[in-house]
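Here the structure comes first, spelled out in structure tokens, and everything after it is commentary.
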Amino acid sequence: MASTLGPRHGAASAMNLSTPASTTLFRRLTWEGTVPLEIRVDSKELPANSNRGLECYFIQAARVSYLPLLVPDIKKFLVDVVLDEEGAKILKEEDWWFEAEDGSPLKWHWPIGLLYDNHTIAATIRPTPTTDPVPLRLVLHLALPPADKLLLVPSAEACKQAFMGQLKEADFIRWGSTKRMTSLRKAEQDGIWEGIKEHNFDDYWRVASKVTPTTIPTRSQSPPPSSGSLHTRPPSVDPGTTASAPDKDGASSVRSVPIRIYLPDGPVLQELAPPLLDGERPHTISRFLTSTLPLLFPEVGKQHAYAIVQGVVCPPEAELSWLGACMAGADGWVNICVGITR
Amino acid sequence: VEEDDSATVTSTPNFISCDQYIVYSPSFVVPAFYFNVWDQQGVQLTLVQLLQSGMFRFDPSAKFDKTTFGLSEPGSAFPLLSQGDHPVLGIRCWYFHPCESSAAVNELVGEVTSPDASEGDRLRCWMKMWFLVLGSVVNL
């Protein structure tokens, strides 16, 4: 958890040395976030002699993880608690698929936290919304995946490819090339995924810090998000750099922050999200949502919706560059889920 | 009636139905080609069946890394052909990764347009060249 203001040596090492404590704190909070899942096996598919009534698996799952990575634990639970020996022998994970609450096949390849936040905002447009957090209820089917739809094979390998694709896409959005990702050694690229699989913060960030922009440390170490911006820091503060050296790898230097907006029953939106407006003022989530969804987030007057990032209602003055550096998912994307206010 | 898995894998359907989409990729700022293909029973084709279907014109000598969920050229950053969320419909489709096509199209546009062509002409030419590049891989 370094918070030094040392001189810049080179791009990669600078990112490792100068991550402020507040950035690391929020990254760790995001990493440790969990959500409740209730996974019920379709009882019609339970083999004979199963322990019926016990086929519900509860887990507090990591937001940054993926459903295919939970499969080994679910399988163990089924074998130990629910199925008899014969039933366990015929289990075929490659035929497993998850059904969402609305009956559609669940998107395995979305991070668990995103699935949960979407479930939260979907509830905001139901006739009788609740504000209490409820588990995300999923039905696990052991067989007969729908043959007319393309389902991501629930293998860790397919999940990894999808994850790496998202990381590279985020890299491209930030810098216009995937150089930072592709210049990682294969062992490092594999290491990022291993960090997710083993849920190890240090292993993940050891590599991710080479490609994820960080915020600029300021003289004050207190963590209000807006103190992390380039523009509020007078040029003479940082003794280790020249007064006018721009932070070329920093969160405010990206072309665009990788952001997607999710609506309760609408498409997924993706818009250009530059970190600075007119090259100077930090772009905030409030301005971004007003320009993208002006009817829900009017410039003046009552806001008809609110934004959730990593399960937290986002204050309107939060800066996009800070969100990109501190509260993105493990795949590099800031997922803004929009809930409708009543 | 459920198809027996092994029969589905080895047979090539006689009749296929294909939905094709050209969608703007906001990340790569270029059009991308998305598609889904079903056999006469309404079952999605596997990657092996797709490659045998005659829909594509891959160089037979090209070496690909193949899985059930994608096709990659060794050493390239993104898979050539893989599965992804349709940017507008949200359904899962096969798609050709757009960042590969962009370089090829830009090169062709550079060859064919004059430096003082209008922006409108350049963009029309860009789309023509994009279809050309797509058509070199897909039987449109």
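Simple scheme: letters A, B, ... for chains in structure tokens order, numbers from 1 for residues in each chain, numbers from 1 for ligands in the order shown.
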Could you please tell me, as a ChimeraX atom specification, which residues of chain B have an atom within 8 Å of chain A when using only C-alpha atoms?
/B:26-28,36,38,42-44,69,77-78,83,87-90,92-93
Could you write those residues out with N, CA, C and O atoms, as a JSON list (two decimals), in the first residue's frame?
```
[["chain", "number", "residue", "atom", "x", "y", "z"],
["B", 26, "PRO", "N", -18.95, 0.35, -30.29],
["B", 26, "PRO", "CA", -18.55, 1.62, -29.68],
["B", 26, "PRO", "C", -17.11, 1.59, -29.16],
["B", 26, "PRO", "O", -16.45, 2.61, -29.11],
["B", 27, "SER", "N", -16.64, 0.38, -28.82],
["B", 27, "SER", "CA", -15.27, 0.31, -28.29],
["B", 27, "SER", "C", -14.25, 0.54, -29.37],
["B", 27, "SER", "O", -13.29, 1.26, -29.20],
["B", 28, "PHE", "N", -14.45, -0.14, -30.53],
["B", 28, "PHE", "CA", -13.44, -0.07, -31.58],
["B", 28, "PHE", "C", -13.80, 0.92, -32.68],
["B", 28, "PHE", "O", -13.05, 1.10, -33.63],
["B", 36, "ASN", "N", -25.88, -15.53, -35.99],
["B", 36, "ASN", "CA", -26.25, -16.80, -35.37],
["B", 36, "ASN", "C", -26.74, -17.71, -36.48],
["B", 36, "ASN", "O", -27.35, -17.25, -37.43],
["B", 38, "TRP", "N", -28.67, -21.55, -37.34],
["B", 38, "TRP", "CA", -29.39, -22.71, -36.82],
["B", 38, "TRP", "C", -29.58, -23.76, -37.92],
["B", 38, "TRP", "O", -29.66, -23.43, -39.10],
["B", 42, "GLY", "N", -33.74, -25.98, -35.61],
["B", 42, "GLY", "CA", -33.65, -24.82, -34.73],
["B", 42, "GLY", "C", -32.56, -24.93, -33.69],
["B", 42, "GLY", "O", -32.56, -24.20, -32.70],
["B", 43, "VAL", "N", -31.61, -25.84, -33.93],
["B", 43, "VAL", "CA", -30.49, -26.00, -33.01],
["B", 43, "VAL", "C", -29.31, -25.19, -33.51],
["B", 43, "VAL", "O", -29.00, -25.22, -34.70],
["B", 44, "GLN", "N", -28.64, -24.49, -32.61],
["B", 44, "GLN", "CA", -27.47, -23.70, -33.00],
["B", 44, "GLN", "C", -26.37, -24.61, -33.52],
["B", 44, "GLN", "O", -26.11, -25.68, -32.97],
["B", 69, "PHE", "N", -15.52, -22.46, -28.55],
["B", 69, "PHE", "CA", -16.12, -21.13, -28.44],
["B", 69, "PHE", "C", -15.34, -20.07, -29.21],
["B", 69, "PHE", "O", -15.61, -18.89, -29.08],
["B", 77, "ALA", "N", -3.94, -10.54, -30.61],
["B", 77, "ALA", "CA", -4.45, -10.14, -29.30],
["B", 77, "ALA", "C", -5.86, -10.64, -29.05],
["B", 77, "ALA", "O", -6.22, -11.03, -27.95],
["B", 78, "PHE", "N", -6.67, -10.61, -30.09],
["B", 78, "PHE", "CA", -8.07, -10.99, -29.93],
["B", 78, "PHE", "C", -8.37, -12.21, -30.79],
["B", 78, "PHE", "O", -7.77, -12.39, -31.84],
["B", 83, "GLN", "N", -17.58, -15.58, -29.44],
["B", 83, "GLN", "CA", -18.94, -15.26, -29.05],
["B", 83, "GLN", "C", -18.96, -13.99, -28.22],
["B", 83, "GLN", "O", -18.05, -13.75, -27.44],
["B", 87, "PRO", "N", -24.32, -5.79, -29.31],
["B", 87, "PRO", "CA", -24.33, -4.49, -28.61],
["B", 87, "PRO", "C", -25.70, -3.86, -28.44],
["B", 87, "PRO", "O", -25.89, -3.04, -27.54],
["B", 88, "VAL", "N", -26.65, -4.21, -29.28],
["B", 88, "VAL", "CA", -27.98, -3.59, -29.15],
["B", 88, "VAL", "C", -28.99, -4.58, -28.59],
["B", 88, "VAL", "O", -29.73, -4.28, -27.66],
["B", 89, "LEU", "N", -29.03, -5.80, -29.18],
["B", 89, "LEU", "CA", -30.06, -6.76, -28.77],
["B", 89, "LEU", "C", -29.70, -7.50, -27.49],
["B", 89, "LEU", "O", -30.56, -8.08, -26.85],
["B", 90, "GLY", "N", -28.40, -7.50, -27.16],
["B", 90, "GLY", "CA", -28.00, -8.18, -25.94],
["B", 90, "GLY", "C", -27.92, -9.68, -26.06],
["B", 90, "GLY", "O", -27.45, -10.36, -25.14],
["B", 92, "ARG", "N", -26.61, -13.37, -27.32],
["B", 92, "ARG", "CA", -25.26, -13.86, -27.58],
["B", 92, "ARG", "C", -25.16, -14.29, -29.04],
["B", 92, "ARG", "O", -26.04, -14.98, -29.55],
["B", 93, "CYS", "N", -24.11, -13.84, -29.69],
["B", 93, "CYS", "CA", -23.91, -14.16, -31.11],
["B", 93, "CYS", "C", -22.46, -14.52, -31.34],
["B", 93, "CYS", "O", -21.59, -14.19, -30.53]]
```
- Task: Please identify which residues in stretch 13-164 of chain A DSSP calls helix (DSSP H, G or I) from the backbone, and express them as a PyMOL selection string.
- Result: chain A and resi 13-17+21-32+43-45+67-82+85-89+93-95+112-123+156-164
Selection above as a file: C-alpha atoms, as a compact mmCIF listing (two decimals), in the first residue's frame:
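Full text of part_31.txt as output:
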```txt
# COMPACT_ATOMS: atom_id res chain seq x y z
CA SER A 13 7.18 1.16 -12.07
CA ALA A 14 5.68 4.60 -11.58
CA MET A 15 2.24 3.07 -11.50
CA ASN A 16 3.38 0.56 -8.89
CA LEU A 17 5.23 3.03 -6.68
CA ALA A 21 -3.33 4.66 -0.08
CA SER A 22 -6.86 5.85 -0.80
CA THR A 23 -6.83 4.25 -4.25
CA THR A 24 -5.62 0.97 -2.83
CA LEU A 25 -8.26 1.18 -0.12
CA PHE A 26 -11.11 1.53 -2.58
CA ARG A 27 -9.68 -1.14 -4.85
CA ARG A 28 -9.56 -3.51 -1.88
CA LEU A 29 -13.11 -2.60 -0.83
CA THR A 30 -14.30 -3.34 -4.36
CA TRP A 31 -12.34 -6.60 -4.41
CA GLU A 32 -13.76 -7.78 -1.08
CA SER A 43 -36.01 -30.53 -8.84
CA LYS A 44 -37.30 -32.18 -12.03
CA GLU A 45 -33.69 -32.89 -12.96
CA LEU A 67 -20.34 -18.24 -12.02
CA PRO A 68 -18.27 -20.87 -13.88
CA LEU A 69 -15.68 -20.50 -11.10
CA LEU A 70 -18.31 -21.47 -8.52
CA VAL A 71 -19.14 -24.70 -10.34
CA PRO A 72 -16.53 -26.87 -8.54
CA ASP A 73 -17.91 -25.85 -5.12
CA ILE A 74 -21.50 -26.36 -6.22
CA LYS A 75 -20.60 -29.77 -7.60
CA LYS A 76 -18.95 -30.73 -4.32
CA PHE A 77 -22.05 -29.63 -2.43
CA LEU A 78 -24.30 -31.71 -4.67
CA VAL A 79 -22.08 -34.76 -4.34
CA ASP A 80 -21.67 -34.45 -0.56
CA VAL A 81 -25.18 -33.43 0.45
CA VAL A 82 -27.75 -34.00 -2.24
CA GLU A 85 -23.35 -42.36 -5.45
CA GLU A 86 -25.22 -43.17 -8.64
CA GLY A 87 -26.45 -39.62 -9.04
CA ALA A 88 -22.96 -38.21 -8.53
CA LYS A 89 -21.53 -40.45 -11.25
CA GLU A 93 -20.96 -30.03 -15.75
CA GLU A 94 -20.72 -29.30 -19.47
CA ASP A 95 -24.51 -29.60 -19.65
CA ILE A 112 -21.28 -11.80 -10.36
CA GLY A 113 -21.45 -8.27 -8.95
CA LEU A 114 -22.90 -7.00 -12.23
CA LEU A 115 -25.53 -9.76 -12.28
CA TYR A 116 -26.51 -8.79 -8.75
CA ASP A 117 -26.68 -5.04 -9.41
CA ASN A 118 -28.85 -5.70 -12.46
CA HIS A 119 -31.14 -7.77 -10.26
CA THR A 120 -31.30 -4.82 -7.85
CA ILE A 121 -32.27 -2.27 -10.52
CA ALA A 122 -34.76 -4.65 -12.15
CA ALA A 123 -36.63 -4.60 -8.86
CA ALA A 156 -13.43 -21.81 -16.77
CA GLU A 157 -11.48 -21.70 -20.05
CA ALA A 158 -14.29 -20.00 -22.00
CA CYS A 159 -14.83 -17.65 -19.07
CA LYS A 160 -11.13 -16.76 -19.05
CA GLN A 161 -11.15 -15.96 -22.77
CA ALA A 162 -14.18 -13.70 -22.34
CA PHE A 163 -12.54 -12.01 -19.33
CA MET A 164 -9.25 -11.39 -21.14
```
Query raised in the report: So how far away is atom CA of B:Lys63 from atom CA of B:Ser76, in Å?
Result: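 Taking atom CA of B:Ser76 as the start and atom CA of B:Lys63 as the end point, the length is 12.2 Å.
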As a check of understanding: the span from atom CA of B:Leu108 to atom CA of B:Met127 is 10.9 Å
Neighbouring residues of A:Gly103 were defined as those with any atom within 12 Å, considering only C-alpha atoms; residues of the same chain fewer than 5 positions away were excluded. Please report them as a list in words.
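Everything that qualifies: Trp97, Phe98, Arg137, Leu138, Val139, Leu140, His141 and Pro146 of chain A.
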Output all heavy atoms for every residue in the selection just made, as a PDB file, in the first residue's frame.
```pdb
ATOM      1  N   TRP A  97     -26.499 -25.295 -16.915  1.00  0.00           N
ATOM      2  CA  TRP A  97     -26.738 -23.894 -17.269  1.00  0.00           C
ATOM      3  C   TRP A  97     -27.607 -23.278 -16.175  1.00  0.00           C
ATOM      4  O   TRP A  97     -28.336 -23.976 -15.470  1.00  0.00           O
ATOM      5  CB  TRP A  97     -27.398 -23.751 -18.647  1.00  0.00           C
ATOM      6  CG  TRP A  97     -28.715 -24.427 -18.817  1.00  0.00           C
ATOM      7  CD1 TRP A  97     -28.936 -25.776 -18.947  1.00  0.00           C
ATOM      8  CD2 TRP A  97     -29.987 -23.810 -18.881  1.00  0.00           C
ATOM      9  NE1 TRP A  97     -30.266 -26.032 -19.080  1.00  0.00           N
ATOM     10  CE2 TRP A  97     -30.943 -24.843 -19.055  1.00  0.00           C
ATOM     11  CE3 TRP A  97     -30.435 -22.481 -18.814  1.00  0.00           C
ATOM     12  CZ2 TRP A  97     -32.302 -24.575 -19.155  1.00  0.00           C
ATOM     13  CZ3 TRP A  97     -31.784 -22.226 -18.929  1.00  0.00           C
ATOM     14  CH2 TRP A  97     -32.716 -23.267 -19.091  1.00  0.00           C
ATOM     15  N   PHE A  98     -27.504 -21.965 -16.037  1.00  0.00           N
ATOM     16  CA  PHE A  98     -28.250 -21.258 -15.009  1.00  0.00           C
ATOM     17  C   PHE A  98     -29.403 -20.500 -15.638  1.00  0.00           C
ATOM     18  O   PHE A  98     -29.260 -19.892 -16.699  1.00  0.00           O
ATOM     19  CB  PHE A  98     -27.361 -20.240 -14.283  1.00  0.00           C
ATOM     20  CG  PHE A  98     -26.367 -20.868 -13.353  1.00  0.00           C
ATOM     21  CD1 PHE A  98     -25.031 -20.961 -13.711  1.00  0.00           C
ATOM     22  CD2 PHE A  98     -26.751 -21.351 -12.120  1.00  0.00           C
ATOM     23  CE1 PHE A  98     -24.106 -21.527 -12.860  1.00  0.00           C
ATOM     24  CE2 PHE A  98     -25.831 -21.921 -11.256  1.00  0.00           C
ATOM     25  CZ  PHE A  98     -24.497 -22.013 -11.627  1.00  0.00           C
ATOM     26  N   ARG A 137     -31.704 -15.057  -6.912  1.00  0.00           N
ATOM     27  CA  ARG A 137     -32.143 -16.459  -6.956  1.00  0.00           C
ATOM     28  C   ARG A 137     -31.957 -17.009  -8.357  1.00  0.00           C
ATOM     29  O   ARG A 137     -32.492 -16.483  -9.315  1.00  0.00           O
ATOM     30  CB  ARG A 137     -33.621 -16.567  -6.565  1.00  0.00           C
ATOM     31  CG  ARG A 137     -33.868 -16.179  -5.135  1.00  0.00           C
ATOM     32  CD  ARG A 137     -35.240 -16.599  -4.645  1.00  0.00           C
ATOM     33  NE  ARG A 137     -35.313 -16.377  -3.216  1.00  0.00           N
ATOM     34  CZ  ARG A 137     -35.730 -15.247  -2.647  1.00  0.00           C
ATOM     35  NH1 ARG A 137     -36.180 -14.265  -3.402  1.00  0.00           N
ATOM     36  NH2 ARG A 137     -35.724 -15.118  -1.350  1.00  0.00           N
ATOM     37  N   LEU A 138     -31.214 -18.081  -8.430  1.00  0.00           N
ATOM     38  CA  LEU A 138     -30.944 -18.698  -9.728  1.00  0.00           C
ATOM     39  C   LEU A 138     -31.380 -20.153  -9.689  1.00  0.00           C
ATOM     40  O   LEU A 138     -31.328 -20.791  -8.636  1.00  0.00           O
ATOM     41  CB  LEU A 138     -29.448 -18.671 -10.038  1.00  0.00           C
ATOM     42  CG  LEU A 138     -28.761 -17.320  -9.970  1.00  0.00           C
ATOM     43  CD1 LEU A 138     -27.260 -17.495 -10.175  1.00  0.00           C
ATOM     44  CD2 LEU A 138     -29.318 -16.402 -11.034  1.00  0.00           C
ATOM     45  N   VAL A 139     -31.789 -20.660 -10.828  1.00  0.00           N
ATOM     46  CA  VAL A 139     -32.085 -22.081 -10.936  1.00  0.00           C
ATOM     47  C   VAL A 139     -30.960 -22.722 -11.723  1.00  0.00           C
ATOM     48  O   VAL A 139     -30.600 -22.251 -12.804  1.00  0.00           O
ATOM     49  CB  VAL A 139     -33.432 -22.320 -11.656  1.00  0.00           C
ATOM     50  CG1 VAL A 139     -33.667 -23.809 -11.874  1.00  0.00           C
ATOM     51  CG2 VAL A 139     -34.569 -21.702 -10.866  1.00  0.00           C
ATOM     52  N   LEU A 140     -30.408 -23.776 -11.140  1.00  0.00           N
ATOM     53  CA  LEU A 140     -29.352 -24.507 -11.830  1.00  0.00           C
ATOM     54  C   LEU A 140     -29.967 -25.712 -12.519  1.00  0.00           C
ATOM     55  O   LEU A 140     -30.621 -26.541 -11.878  1.00  0.00           O
ATOM     56  CB  LEU A 140     -28.290 -24.974 -10.819  1.00  0.00           C
ATOM     57  CG  LEU A 140     -27.252 -25.983 -11.328  1.00  0.00           C
ATOM     58  CD1 LEU A 140     -26.473 -25.430 -12.503  1.00  0.00           C
ATOM     59  CD2 LEU A 140     -26.296 -26.359 -10.196  1.00  0.00           C
ATOM     60  N   HIS A 141     -29.792 -25.766 -13.816  1.00  0.00           N
ATOM     61  CA  HIS A 141     -30.240 -26.928 -14.579  1.00  0.00           C
ATOM     62  C   HIS A 141     -29.050 -27.829 -14.833  1.00  0.00           C
ATOM     63  O   HIS A 141     -27.979 -27.373 -15.212  1.00  0.00           O
ATOM     64  CB  HIS A 141     -30.843 -26.484 -15.912  1.00  0.00           C
ATOM     65  CG  HIS A 141     -32.113 -25.720 -15.761  1.00  0.00           C
ATOM     66  ND1 HIS A 141     -33.335 -26.345 -15.632  1.00  0.00           N
ATOM     67  CD2 HIS A 141     -32.358 -24.398 -15.699  1.00  0.00           C
ATOM     68  CE1 HIS A 141     -34.283 -25.420 -15.503  1.00  0.00           C
ATOM     69  NE2 HIS A 141     -33.711 -24.234 -15.537  1.00  0.00           N
ATOM     70  N   PRO A 146     -30.682 -24.866 -23.513  1.00  0.00           N
ATOM     71  CA  PRO A 146     -31.482 -24.530 -24.696  1.00  0.00           C
ATOM     72  C   PRO A 146     -30.625 -24.560 -25.950  1.00  0.00           C
ATOM     73  O   PRO A 146     -29.611 -23.874 -26.032  1.00  0.00           O
ATOM     74  CB  PRO A 146     -31.987 -23.100 -24.410  1.00  0.00           C
ATOM     75  CG  PRO A 146     -31.302 -22.645 -23.202  1.00  0.00           C
ATOM     76  CD  PRO A 146     -30.684 -23.792 -22.514  1.00  0.00           C
TER      77      PRO A 146
END
```
Residues flagged strand (DSSP E) by DSSP in stretch 12-127 of chain B, as a PyMOL selection string: chain B and resi 17-25+30-38+65-67+70-72+81-85+92-96
May I have the selected residues written with C-alpha atoms, as a PDB file, in the first residue's frame?
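Saved result, selection-v7.pdb, follows:
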```pdb
ATOM      1  CA  SER B  17     -30.933 -20.367 -41.281  1.00  0.00           C
ATOM      2  CA  CYS B  18     -28.715 -17.452 -40.452  1.00  0.00           C
ATOM      3  CA  ASP B  19     -29.373 -14.112 -38.772  1.00  0.00           C
ATOM      4  CA  GLN B  20     -26.730 -11.564 -39.663  1.00  0.00           C
ATOM      5  CA  TYR B  21     -26.201  -8.167 -38.126  1.00  0.00           C
ATOM      6  CA  ILE B  22     -23.904  -5.286 -38.843  1.00  0.00           C
ATOM      7  CA  VAL B  23     -23.549  -3.334 -35.641  1.00  0.00           C
ATOM      8  CA  TYR B  24     -21.420  -0.403 -34.671  1.00  0.00           C
ATOM      9  CA  SER B  25     -18.826  -1.325 -32.064  1.00  0.00           C
ATOM     10  CA  VAL B  30     -15.971   0.522 -36.471  1.00  0.00           C
ATOM     11  CA  PRO B  31     -18.774  -1.749 -37.716  1.00  0.00           C
ATOM     12  CA  ALA B  32     -18.705  -5.365 -36.601  1.00  0.00           C
ATOM     13  CA  PHE B  33     -20.365  -8.456 -38.058  1.00  0.00           C
ATOM     14  CA  TYR B  34     -22.514 -10.545 -35.707  1.00  0.00           C
ATOM     15  CA  PHE B  35     -24.443 -13.686 -36.605  1.00  0.00           C
ATOM     16  CA  ASN B  36     -26.255 -16.802 -35.373  1.00  0.00           C
ATOM     17  CA  VAL B  37     -26.844 -19.945 -37.411  1.00  0.00           C
ATOM     18  CA  TRP B  38     -29.390 -22.707 -36.821  1.00  0.00           C
ATOM     19  CA  ASP B  65      -6.171 -22.182 -32.464  1.00  0.00           C
ATOM     20  CA  LYS B  66      -9.620 -23.696 -32.171  1.00  0.00           C
ATOM     21  CA  THR B  67     -11.895 -24.238 -29.188  1.00  0.00           C
ATOM     22  CA  GLY B  70     -13.688 -19.444 -30.780  1.00  0.00           C
ATOM     23  CA  LEU B  71     -11.062 -19.339 -33.455  1.00  0.00           C
ATOM     24  CA  SER B  72      -7.796 -17.456 -33.004  1.00  0.00           C
ATOM     25  CA  LEU B  81     -14.103 -15.395 -34.383  1.00  0.00           C
ATOM     26  CA  SER B  82     -15.713 -15.738 -30.973  1.00  0.00           C
ATOM     27  CA  GLN B  83     -18.945 -15.260 -29.051  1.00  0.00           C
ATOM     28  CA  GLY B  84     -20.110 -11.982 -27.624  1.00  0.00           C
ATOM     29  CA  ASP B  85     -23.122  -9.946 -26.555  1.00  0.00           C
ATOM     30  CA  ARG B  92     -25.264 -13.857 -27.576  1.00  0.00           C
ATOM     31  CA  CYS B  93     -23.911 -14.156 -31.115  1.00  0.00           C
ATOM     32  CA  TRP B  94     -20.834 -15.212 -32.993  1.00  0.00           C
ATOM     33  CA  TYR B  95     -18.850 -12.242 -34.195  1.00  0.00           C
ATOM     34  CA  PHE B  96     -15.665 -11.340 -36.032  1.00  0.00           C
TER      35      PHE B  96
END
```
Discussion item. Rounded to one decimal, what separation in Å do you get between atom CA of A:Gly329 and atom CA of A:Trp110?
Written reply: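 About the pair atom CA of A:Gly329 and atom CA of A:Trp110: they are 10.3 Å apart.
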- Task: Please provide as an NGL selection string all residues within 12 Å of B:Arg122, with the sequence filter that same-chain residues fewer than 6 positions apart are discarded (counting only C-alpha atoms).
- Result: :B and (105-106 or 108-116 or 128-129)
Exercise. Using only C-alpha atoms, which of A:Ala251, A:Pro145, A:Glu319, A:Gly53 sits nearest A:Trp96?
Worked result: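 Selected residue with least distance to A:Trp96: A:Pro145.
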